[in-house]
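Structure file final.pdb (PDB, C-alpha atoms) follows.
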```pdb
ATOM      1  CA  MET E   1     -55.186 -22.950 -60.386
ATOM      2  CA  THR E   2     -53.339 -25.007 -57.839
ATOM      3  CA  THR E   3     -55.481 -27.946 -56.779
ATOM      4  CA  THR E   4     -54.006 -30.815 -54.833
ATOM      5  CA  ALA E   5     -53.930 -32.928 -58.015
ATOM      6  CA  GLU E   6     -52.107 -30.175 -59.935
ATOM      7  CA  LEU E   7     -49.449 -29.740 -57.249
ATOM      8  CA  ARG E   8     -48.969 -33.511 -57.169
ATOM      9  CA  ALA E   9     -48.499 -33.558 -60.958
ATOM     10  CA  VAL E  10     -45.918 -30.739 -60.839
ATOM     11  CA  ALA E  11     -43.963 -32.528 -58.085
ATOM     12  CA  GLU E  12     -44.011 -35.759 -60.101
ATOM     13  CA  THR E  13     -42.858 -33.977 -63.270
ATOM     14  CA  TYR E  14     -40.010 -32.323 -61.323
ATOM     15  CA  TRP E  15     -38.732 -35.761 -60.252
ATOM     16  CA  SER E  16     -39.271 -37.630 -63.502
ATOM     17  CA  ALA E  17     -37.452 -34.807 -65.331
ATOM     18  CA  ALA E  18     -34.607 -34.832 -62.776
ATOM     19  CA  ASP E  19     -34.249 -38.589 -63.143
ATOM     20  CA  ALA E  20     -34.175 -38.306 -66.946
ATOM     21  CA  ARG E  21     -31.854 -35.251 -66.799
ATOM     22  CA  ASP E  22     -34.442 -33.494 -68.989
ATOM     23  CA  TRP E  23     -33.518 -29.980 -67.874
ATOM     24  CA  ASP E  24     -36.091 -28.239 -70.072
ATOM     25  CA  ALA E  25     -38.968 -30.172 -68.488
ATOM     26  CA  PHE E  26     -37.348 -29.667 -65.078
ATOM     27  CA  ALA E  27     -37.027 -25.894 -65.635
ATOM     28  CA  ALA E  28     -40.703 -25.653 -66.638
ATOM     29  CA  THR E  29     -41.727 -26.681 -63.092
ATOM     30  CA  LEU E  30     -39.742 -23.833 -61.487
ATOM     31  CA  ALA E  31     -40.583 -20.200 -60.748
ATOM     32  CA  ASP E  32     -37.907 -17.717 -61.897
ATOM     33  CA  GLU E  33     -37.260 -16.619 -58.312
ATOM     34  CA  VAL E  34     -37.096 -20.162 -56.884
ATOM     35  CA  LEU E  35     -35.258 -20.381 -53.551
ATOM     36  CA  TYR E  36     -33.466 -23.646 -52.722
ATOM     37  CA  GLU E  37     -32.421 -24.451 -49.149
ATOM     38  CA  LEU E  38     -30.416 -27.288 -47.620
ATOM     39  CA  PRO E  39     -30.726 -26.820 -43.837
ATOM     40  CA  GLN E  40     -28.253 -29.579 -42.917
ATOM     41  CA  ALA E  41     -25.407 -27.797 -44.749
ATOM     42  CA  ARG E  42     -26.919 -24.321 -44.283
ATOM     43  CA  GLU E  43     -26.707 -23.737 -48.031
ATOM     44  CA  ARG E  44     -29.019 -21.603 -50.141
ATOM     45  CA  ILE E  45     -29.357 -21.030 -53.899
ATOM     46  CA  ARG E  46     -31.331 -18.099 -55.306
ATOM     47  CA  GLY E  47     -33.038 -18.147 -58.699
ATOM     48  CA  LYS E  48     -33.847 -20.591 -61.443
ATOM     49  CA  ASP E  49     -30.641 -20.064 -63.474
ATOM     50  CA  ARG E  50     -28.337 -20.926 -60.586
ATOM     51  CA  TYR E  51     -30.526 -23.776 -59.440
ATOM     52  CA  LEU E  52     -30.497 -25.300 -62.936
ATOM     53  CA  ARG E  53     -26.691 -25.020 -63.054
ATOM     54  CA  PHE E  54     -26.482 -26.645 -59.616
ATOM     55  CA  ASN E  55     -28.449 -29.624 -60.922
ATOM     56  CA  ARG E  56     -26.721 -29.872 -64.318
ATOM     57  CA  GLU E  57     -23.252 -29.630 -62.758
ATOM     58  CA  HIS E  58     -23.930 -32.168 -60.007
ATOM     59  CA  PRO E  59     -21.177 -34.773 -60.370
ATOM     60  CA  GLY E  60     -21.882 -38.477 -60.768
ATOM     61  CA  ALA E  61     -24.696 -40.556 -62.177
ATOM     62  CA  ARG E  62     -27.767 -40.884 -59.999
ATOM     63  CA  ARG E  63     -31.275 -42.172 -60.384
ATOM     64  CA  VAL E  64     -34.271 -41.123 -58.323
ATOM     65  CA  ARG E  65     -37.727 -42.554 -57.761
ATOM     66  CA  VAL E  66     -40.631 -41.061 -55.832
ATOM     67  CA  GLU E  67     -41.887 -43.013 -52.798
ATOM     68  CA  ARG E  68     -44.618 -40.696 -51.533
ATOM     69  CA  VAL E  69     -46.157 -37.325 -52.451
ATOM     70  CA  VAL E  70     -48.110 -35.376 -49.835
ATOM     71  CA  ALA E  71     -49.833 -32.550 -51.729
ATOM     72  CA  ASP E  72     -51.655 -29.732 -49.952
ATOM     73  CA  GLY E  73     -53.709 -27.615 -52.363
ATOM     74  CA  GLU E  74     -55.055 -25.349 -49.612
ATOM     75  CA  GLY E  75     -51.582 -24.605 -48.280
ATOM     76  CA  ARG E  76     -50.086 -24.535 -51.807
ATOM     77  CA  GLN E  77     -47.273 -26.836 -50.702
ATOM     78  CA  ALA E  78     -46.132 -30.437 -50.928
ATOM     79  CA  ALA E  79     -43.728 -32.881 -49.282
ATOM     80  CA  VAL E  80     -42.066 -35.706 -51.190
ATOM     81  CA  ARG E  81     -40.084 -38.761 -50.123
ATOM     82  CA  THR E  82     -37.637 -40.140 -52.668
ATOM     83  CA  ARG E  83     -34.989 -42.862 -52.929
ATOM     84  CA  PHE E  84     -31.777 -41.955 -54.724
ATOM     85  CA  THR E  85     -29.477 -44.579 -56.194
ATOM     86  CA  VAL E  86     -25.884 -43.330 -56.438
ATOM     87  CA  GLY E  87     -23.627 -46.144 -57.618
ATOM     88  CA  ALA E  88     -24.266 -49.054 -55.242
ATOM     89  CA  GLU E  89     -25.710 -46.792 -52.548
ATOM     90  CA  GLU E  90     -29.421 -46.170 -51.813
ATOM     91  CA  LEU E  91     -30.217 -42.877 -50.078
ATOM     92  CA  HIS E  92     -33.384 -41.511 -48.504
ATOM     93  CA  ALA E  93     -34.270 -37.924 -49.348
ATOM     94  CA  ILE E  94     -37.124 -35.632 -48.335
ATOM     95  CA  HIS E  95     -38.207 -32.496 -50.132
ATOM     96  CA  PHE E  96     -40.603 -29.726 -49.176
ATOM     97  CA  PHE E  97     -42.044 -27.625 -51.990
ATOM     98  CA  VAL E  98     -43.875 -24.298 -51.936
ATOM     99  CA  PHE E  99     -45.751 -23.218 -55.074
ATOM    100  CA  ASP E 100     -46.603 -19.811 -56.514
ATOM    101  CA  ALA E 101     -50.089 -18.821 -57.686
ATOM    102  CA  ALA E 102     -49.356 -20.235 -61.167
ATOM    103  CA  GLY E 103     -48.469 -23.637 -59.691
ATOM    104  CA  ARG E 104     -44.701 -23.284 -60.241
ATOM    105  CA  ILE E 105     -42.251 -24.317 -57.539
ATOM    106  CA  SER E 106     -41.000 -21.204 -55.713
ATOM    107  CA  GLY E 107     -39.388 -22.849 -52.683
ATOM    108  CA  ILE E 108     -37.531 -26.152 -52.214
ATOM    109  CA  THR E 109     -36.077 -27.464 -48.964
ATOM    110  CA  ASP E 110     -34.119 -30.728 -49.137
ATOM    111  CA  PHE E 111     -33.124 -33.129 -46.356
ATOM    112  CA  TRP E 112     -30.736 -36.096 -46.593
ATOM    113  CA  PRO E 113     -31.143 -38.320 -43.519
ATOM    114  CA  GLU E 114     -28.365 -40.909 -43.084
ATOM    115  CA  PRO E 115     -28.529 -44.435 -41.622
ATOM    116  CA  TYR E 116     -27.549 -44.849 -37.961
ATOM    117  CA  GLU E 117     -27.407 -47.579 -35.330
ATOM    118  CA  PRO E 118     -30.317 -47.454 -32.858
ATOM    119  CA  PRO E 119     -29.597 -46.502 -29.234
ATOM    120  CA  ALA E 120     -29.647 -49.280 -26.620
ATOM    121  CA  GLY E 121     -32.473 -49.875 -24.139
ATOM    122  CA  ARG E 122     -35.526 -50.119 -26.357
ATOM    123  CA  ASP E 123     -35.331 -53.683 -27.667
ATOM    124  CA  HIS E 124     -38.408 -54.589 -25.611
ATOM    125  CA  LEU E 125     -40.529 -52.255 -27.777
ATOM    126  CA  VAL E 126     -38.805 -52.214 -31.149
ATOM    127  CA  GLU E 127     -38.170 -54.707 -33.920
ATOM    128  CA  ARG E 128     -35.457 -54.259 -36.587
ATOM    129  CA  TYR E 129     -36.135 -54.577 -40.277
TER     130      TYR E 129
ATOM    131  CA  MET Q 130     -64.468 -37.153 -42.024
ATOM    132  CA  THR Q 131     -60.867 -36.415 -42.803
ATOM    133  CA  THR Q 132     -60.626 -33.033 -44.463
ATOM    134  CA  THR Q 133     -57.296 -31.299 -44.864
ATOM    135  CA  ALA Q 134     -58.140 -29.010 -41.924
ATOM    136  CA  GLU Q 135     -58.986 -31.981 -39.701
ATOM    137  CA  LEU Q 136     -55.766 -33.827 -40.509
ATOM    138  CA  ARG Q 137     -53.811 -30.637 -39.821
ATOM    139  CA  ALA Q 138     -55.540 -30.297 -36.429
ATOM    140  CA  VAL Q 139     -54.756 -33.915 -35.472
ATOM    141  CA  ALA Q 140     -51.087 -33.466 -36.436
ATOM    142  CA  GLU Q 141     -50.903 -30.265 -34.383
ATOM    143  CA  THR Q 142     -52.541 -31.932 -31.362
ATOM    144  CA  TYR Q 143     -50.088 -34.851 -31.610
ATOM    145  CA  TRP Q 144     -47.160 -32.427 -31.353
ATOM    146  CA  SER Q 145     -48.567 -30.090 -28.710
ATOM    147  CA  ALA Q 146     -49.414 -33.143 -26.568
ATOM    148  CA  ALA Q 147     -45.930 -34.643 -27.118
ATOM    149  CA  ASP Q 148     -44.323 -31.350 -26.133
ATOM    150  CA  ALA Q 149     -46.488 -31.138 -22.975
ATOM    151  CA  ARG Q 150     -45.975 -34.861 -22.223
ATOM    152  CA  ASP Q 151     -49.781 -35.089 -22.079
ATOM    153  CA  TRP Q 152     -49.953 -38.785 -22.950
ATOM    154  CA  ASP Q 153     -53.755 -38.985 -22.779
ATOM    155  CA  ALA Q 154     -54.183 -36.273 -25.410
ATOM    156  CA  PHE Q 155     -51.334 -37.845 -27.399
ATOM    157  CA  ALA Q 156     -52.968 -41.308 -27.262
ATOM    158  CA  ALA Q 157     -56.264 -39.863 -28.502
ATOM    159  CA  THR Q 158     -54.645 -38.990 -31.842
ATOM    160  CA  LEU Q 159     -53.500 -42.590 -32.455
ATOM    161  CA  ALA Q 160     -55.209 -45.619 -33.996
ATOM    162  CA  ASP Q 161     -54.914 -48.810 -31.909
ATOM    163  CA  GLU Q 162     -52.931 -50.547 -34.637
ATOM    164  CA  VAL Q 163     -50.564 -47.622 -35.269
ATOM    165  CA  LEU Q 164     -47.305 -48.607 -36.983
ATOM    166  CA  TYR Q 165     -44.201 -46.522 -36.259
ATOM    167  CA  GLU Q 166     -41.146 -46.694 -38.522
ATOM    168  CA  LEU Q 167     -37.666 -45.170 -38.306
ATOM    169  CA  PRO Q 168     -36.004 -45.973 -41.646
ATOM    170  CA  GLN Q 169     -32.559 -44.620 -40.705
ATOM    171  CA  ALA Q 170     -32.237 -47.178 -37.848
ATOM    172  CA  ARG Q 171     -34.524 -49.736 -39.519
ATOM    173  CA  GLU Q 172     -36.673 -49.845 -36.376
ATOM    174  CA  ARG Q 173     -40.407 -50.530 -36.219
ATOM    175  CA  ILE Q 174     -42.946 -50.409 -33.367
ATOM    176  CA  ARG Q 175     -46.360 -52.051 -33.681
ATOM    177  CA  GLY Q 176     -49.441 -50.863 -31.797
ATOM    178  CA  LYS Q 177     -50.538 -47.947 -29.669
ATOM    179  CA  ASP Q 178     -49.543 -49.486 -26.285
ATOM    180  CA  ARG Q 179     -45.926 -50.034 -27.295
ATOM    181  CA  TYR Q 180     -45.698 -46.707 -29.073
ATOM    182  CA  LEU Q 181     -46.981 -44.887 -25.978
ATOM    183  CA  ARG Q 182     -44.387 -46.708 -23.813
ATOM    184  CA  PHE Q 183     -41.678 -45.787 -26.323
ATOM    185  CA  ASN Q 184     -42.605 -42.111 -25.939
ATOM    186  CA  ARG Q 185     -43.107 -42.151 -22.149
ATOM    187  CA  GLU Q 186     -39.844 -44.008 -21.561
ATOM    188  CA  HIS Q 187     -37.772 -41.814 -23.860
ATOM    189  CA  PRO Q 188     -34.870 -40.542 -21.727
ATOM    190  CA  GLY Q 189     -34.099 -36.859 -21.311
ATOM    191  CA  ALA Q 190     -36.048 -33.640 -21.415
ATOM    192  CA  ARG Q 191     -36.945 -32.397 -24.864
ATOM    193  CA  ARG Q 192     -39.165 -29.710 -26.309
ATOM    194  CA  VAL Q 193     -40.634 -29.701 -29.782
ATOM    195  CA  ARG Q 194     -42.240 -27.064 -31.971
ATOM    196  CA  VAL Q 195     -43.914 -27.457 -35.347
ATOM    197  CA  GLU Q 196     -42.336 -25.585 -38.272
ATOM    198  CA  ARG Q 197     -44.586 -26.715 -41.139
ATOM    199  CA  VAL Q 198     -47.603 -28.989 -41.661
ATOM    200  CA  VAL Q 199     -48.392 -30.287 -45.154
ATOM    201  CA  ALA Q 200     -51.848 -31.863 -44.905
ATOM    202  CA  ASP Q 201     -53.362 -33.883 -47.745
ATOM    203  CA  GLY Q 202     -57.036 -34.641 -47.160
ATOM    204  CA  GLU Q 203     -57.454 -36.464 -50.481
ATOM    205  CA  GLY Q 204     -54.507 -38.767 -49.751
ATOM    206  CA  ARG Q 205     -55.379 -38.981 -46.033
ATOM    207  CA  GLN Q 206     -51.787 -38.220 -45.103
ATOM    208  CA  ALA Q 207     -49.591 -35.406 -43.808
ATOM    209  CA  ALA Q 208     -45.930 -34.419 -43.535
ATOM    210  CA  VAL Q 209     -44.613 -32.305 -40.666
ATOM    211  CA  ARG Q 210     -41.323 -30.511 -40.055
ATOM    212  CA  THR Q 211     -40.381 -29.943 -36.420
ATOM    213  CA  ARG Q 212     -37.486 -28.554 -34.399
ATOM    214  CA  PHE Q 213     -36.510 -30.456 -31.277
ATOM    215  CA  THR Q 214     -34.558 -28.855 -28.452
ATOM    216  CA  VAL Q 215     -32.609 -31.439 -26.445
ATOM    217  CA  GLY Q 216     -30.454 -29.658 -23.852
ATOM    218  CA  ALA Q 217     -28.403 -27.085 -25.782
ATOM    219  CA  GLU Q 218     -28.911 -28.893 -29.107
ATOM    220  CA  GLU Q 219     -31.456 -28.015 -31.826
ATOM    221  CA  LEU Q 220     -32.440 -30.889 -34.127
ATOM    222  CA  HIS Q 221     -34.436 -31.032 -37.339
ATOM    223  CA  ALA Q 222     -37.027 -33.772 -37.593
ATOM    224  CA  ILE Q 223     -39.482 -34.789 -40.320
ATOM    225  CA  HIS Q 224     -42.560 -36.932 -39.838
ATOM    226  CA  PHE Q 225     -44.906 -38.569 -42.316
ATOM    227  CA  PHE Q 226     -48.376 -39.487 -41.054
ATOM    228  CA  VAL Q 227     -51.046 -41.739 -42.546
ATOM    229  CA  PHE Q 228     -54.584 -41.522 -41.129
ATOM    230  CA  ASP Q 229     -57.404 -44.053 -40.869
ATOM    231  CA  ALA Q 230     -60.994 -43.335 -41.933
ATOM    232  CA  ALA Q 231     -61.775 -41.895 -38.474
ATOM    233  CA  GLY Q 232     -58.922 -39.394 -38.746
ATOM    234  CA  ARG Q 233     -56.636 -41.213 -36.290
ATOM    235  CA  ILE Q 234     -52.949 -41.658 -37.024
ATOM    236  CA  SER Q 235     -52.324 -45.207 -38.253
ATOM    237  CA  GLY Q 236     -48.803 -44.799 -39.645
ATOM    238  CA  ILE Q 237     -45.838 -42.645 -38.585
ATOM    239  CA  THR Q 238     -42.441 -42.494 -40.294
ATOM    240  CA  ASP Q 239     -39.775 -40.338 -38.637
ATOM    241  CA  PHE Q 240     -36.528 -38.957 -40.075
ATOM    242  CA  TRP Q 241     -33.702 -37.235 -38.185
ATOM    243  CA  PRO Q 242     -31.382 -35.466 -40.646
ATOM    244  CA  GLU Q 243     -28.056 -34.336 -39.128
ATOM    245  CA  PRO Q 244     -25.913 -31.294 -39.966
ATOM    246  CA  TYR Q 245     -23.010 -31.797 -42.382
ATOM    247  CA  GLU Q 246     -20.351 -29.745 -44.123
ATOM    248  CA  PRO Q 247     -21.131 -28.975 -47.774
ATOM    249  CA  PRO Q 248     -19.012 -30.596 -50.484
ATOM    250  CA  ALA Q 249     -16.471 -28.420 -52.298
ATOM    251  CA  GLY Q 250     -16.907 -27.038 -55.806
ATOM    252  CA  ARG Q 251     -20.242 -25.276 -55.648
ATOM    253  CA  ASP Q 252     -19.352 -21.963 -53.967
ATOM    254  CA  HIS Q 253     -20.078 -20.133 -57.247
ATOM    255  CA  LEU Q 254     -23.773 -21.078 -56.936
ATOM    256  CA  VAL Q 255     -24.393 -21.401 -53.212
ATOM    257  CA  GLU Q 256     -24.426 -19.059 -50.246
ATOM    258  CA  ARG Q 257     -24.110 -20.254 -46.623
ATOM    259  CA  TYR Q 258     -26.505 -19.178 -43.875
TER     260      TYR Q 258
END
```
Please lay out the structure from this file as C-alpha cells.
Amino acid sequence: MTTTAELRAVAETYWSAADARDWDAFAATLADEVLYELPQARERIRGKDRYLRFNREHPGARRVRVERVVADGEGRQAAVRTRFTVGAEELHAIHFFVFDAAGRISGITDFWPEPYEPPAGRDHLVERY
Amino acid sequence: MTTTAELRAVAETYWSAADARDWDAFAATLADEVLYELPQARERIRGKDRYLRFNREHPGARRVRVERVVADGEGRQAAVRTRFTVGAEELHAIHFFVFDAAGRISGITDFWPEPYEPPAGRDHLVERY
C-alpha cells in the first residue's frame, strides 16, 4: 500500500530520523537497492549500506526541519523542501523521492540551491524580502 | 475539482505555454492573486499582471522541458523539476506550486541550483557521472 498519506509519513520519518541521527529508524525507510543522486555535483551512491555510511560519516553537526511535503500516491513519489542549520548557516534543500511497491524509498535526488544577488532591471516588478 | 491528474495537467500546460511563449495559455493557468517567490534572491512578485510582465520581459531566448511532476491532489500542490536551455547552457530548476480551489496556480516558488565540485573524503562511497 502506498497512499499519499503513507508516502508523506515515510518522508517525514526519514527526516525526523535524520535530524535525530537515529540511523535504525532512518534505515527502515530505505529500500535495499536505494539509489542516491546529487545532480549538482554529479555524484551517485548505490545501495542502502553505502548510503547509510554516507549519512553517518557526514562531518559536522546539522539539524534539519521539513518545510513542505508534496506526496503523490498515484505516481509513488514525493518532493520535500527542508531547511538545514549547519553552525550559524541556514540552507535550503530540496529532495525528490521515489518509492517501491512496499512504500520504501528506492530513489533520492537532492538539490542544494545557494543564495544569489538578483539581476538588475526588474525592480519595477519585484520586491525584496 | 482539483484531482492529482488535474493539477498535473495544469503544471504541464504552464510549462508548455512558457516554452512556446504562449502568454495567453500561460495566463490561463494562473490565479489573479498569484504570489511568486524566489528564495535564493529573496525576491517576490505579487499578482498575475506583474508576473506575466516578468515572464514576457525576461531577456534572452530559453527553452524548457519538464523532467518530473509530483502532483498532490489532497494537498492541492505540486513540485516540478525542469531543465532550461539558455544558449549553450543547461540549467536545473525546481518549482513548487500551490493551487486555489478552481485549480489555478496561486503560489509559485522557484529554485535554481548550480553545479559544484564535490567535497573531498567520500570517494569510497560515491561515483561520479
Only residues of chain E matter here; which ones have an atom within 9 Å of chain Q, counting all atoms listed in the file? Give them as a VMD selection string.
chain E and resid 4 39 to 46 50 to 51 53 to 54 57 to 58 69 to 80 92 94 96 111 to 118 122 124 to 129
Close residues, Asp148 of chain Q itself excluded, 9 Å, all atoms listed in the file, min 3 positions apart in chain, as a PDB file with C-alpha atoms, keeping the file's coordinate frame:
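This went into result_31.pdb:
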```pdb
ATOM      1  CA  TYR Q 143     -50.088 -34.851 -31.610  1.00  0.00           C
ATOM      2  CA  TRP Q 144     -47.160 -32.427 -31.353  1.00  0.00           C
ATOM      3  CA  SER Q 145     -48.567 -30.090 -28.710  1.00  0.00           C
ATOM      4  CA  ASP Q 151     -49.781 -35.089 -22.079  1.00  0.00           C
ATOM      5  CA  ARG Q 191     -36.945 -32.397 -24.864  1.00  0.00           C
ATOM      6  CA  ARG Q 192     -39.165 -29.710 -26.309  1.00  0.00           C
ATOM      7  CA  VAL Q 193     -40.634 -29.701 -29.782  1.00  0.00           C
ATOM      8  CA  ARG Q 194     -42.240 -27.064 -31.971  1.00  0.00           C
TER       9      ARG Q 194
END
```
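For the atom pair formed by atom CA of Phe99 of chain E and atom CA of Ala27 of chain E, the distance is 14.0 Å, given to one decimal.
The space between atom CA of Arg21 of chain E and atom CA of Val66 of chain E spans 15.2 Å.
With atom CA of Arg185 of chain Q on one side and atom CA of Thr131 of chain Q on the other, the separation reads 27.8 Å.
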Answer key for the PyMOL selection byres ((chain Q and resi 160) around 9), residues as an MDAnalysis selection string:
chainID Q and resid 156:159 161:164 176:177 228:229 231:236
Would you mind completing segment 216-230 of chain Q to N, CA, C and O atoms and writing the output as a compact mmCIF listing (two decimals), in the frame of the given file?
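And here is the file that came out, part.txt:
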```txt
# COMPACT_ATOMS: atom_id res chain seq x y z
N GLY Q 216 -31.54 -30.38 -24.52
CA GLY Q 216 -30.45 -29.66 -23.85
C GLY Q 216 -30.12 -28.42 -24.66
O GLY Q 216 -31.01 -27.64 -25.00
N ALA Q 217 -28.83 -28.28 -25.03
CA ALA Q 217 -28.40 -27.08 -25.78
C ALA Q 217 -28.52 -27.33 -27.29
O ALA Q 217 -28.23 -26.43 -28.09
N GLU Q 218 -28.92 -28.52 -27.70
CA GLU Q 218 -28.91 -28.89 -29.11
C GLU Q 218 -30.28 -28.66 -29.76
O GLU Q 218 -31.31 -28.92 -29.15
N GLU Q 219 -30.24 -28.17 -31.01
CA GLU Q 219 -31.46 -28.02 -31.83
C GLU Q 219 -31.40 -29.04 -32.96
O GLU Q 219 -30.41 -29.08 -33.70
N LEU Q 220 -32.42 -29.86 -33.10
CA LEU Q 220 -32.44 -30.89 -34.13
C LEU Q 220 -33.60 -30.67 -35.09
O LEU Q 220 -34.69 -30.29 -34.67
N HIS Q 221 -33.36 -30.94 -36.37
CA HIS Q 221 -34.44 -31.03 -37.34
C HIS Q 221 -35.07 -32.41 -37.26
O HIS Q 221 -34.36 -33.41 -37.10
N ALA Q 222 -36.39 -32.47 -37.42
CA ALA Q 222 -37.03 -33.77 -37.59
C ALA Q 222 -38.15 -33.64 -38.62
O ALA Q 222 -38.72 -32.55 -38.80
N ILE Q 223 -38.43 -34.75 -39.30
CA ILE Q 223 -39.48 -34.79 -40.32
C ILE Q 223 -40.31 -36.03 -40.08
O ILE Q 223 -39.77 -37.10 -39.79
N HIS Q 224 -41.62 -35.89 -40.22
CA HIS Q 224 -42.56 -36.93 -39.84
C HIS Q 224 -43.61 -37.06 -40.93
O HIS Q 224 -44.21 -36.06 -41.33
N PHE Q 225 -43.82 -38.30 -41.37
CA PHE Q 225 -44.91 -38.57 -42.32
C PHE Q 225 -45.99 -39.32 -41.57
O PHE Q 225 -45.70 -40.30 -40.86
N PHE Q 226 -47.23 -38.86 -41.71
CA PHE Q 226 -48.38 -39.49 -41.05
C PHE Q 226 -49.34 -40.04 -42.10
O PHE Q 226 -49.59 -39.39 -43.12
N VAL Q 227 -49.91 -41.20 -41.79
CA VAL Q 227 -51.05 -41.74 -42.55
C VAL Q 227 -52.20 -41.84 -41.55
O VAL Q 227 -51.99 -42.15 -40.37
N PHE Q 228 -53.42 -41.55 -42.00
CA PHE Q 228 -54.58 -41.52 -41.13
C PHE Q 228 -55.58 -42.61 -41.53
O PHE Q 228 -55.71 -42.93 -42.71
N ASP Q 229 -56.33 -43.12 -40.54
CA ASP Q 229 -57.40 -44.05 -40.87
C ASP Q 229 -58.69 -43.27 -41.19
O ASP Q 229 -58.69 -42.03 -41.18
N ALA Q 230 -59.76 -43.98 -41.48
CA ALA Q 230 -60.99 -43.34 -41.93
C ALA Q 230 -61.60 -42.45 -40.86
O ALA Q 230 -62.36 -41.52 -41.15
```
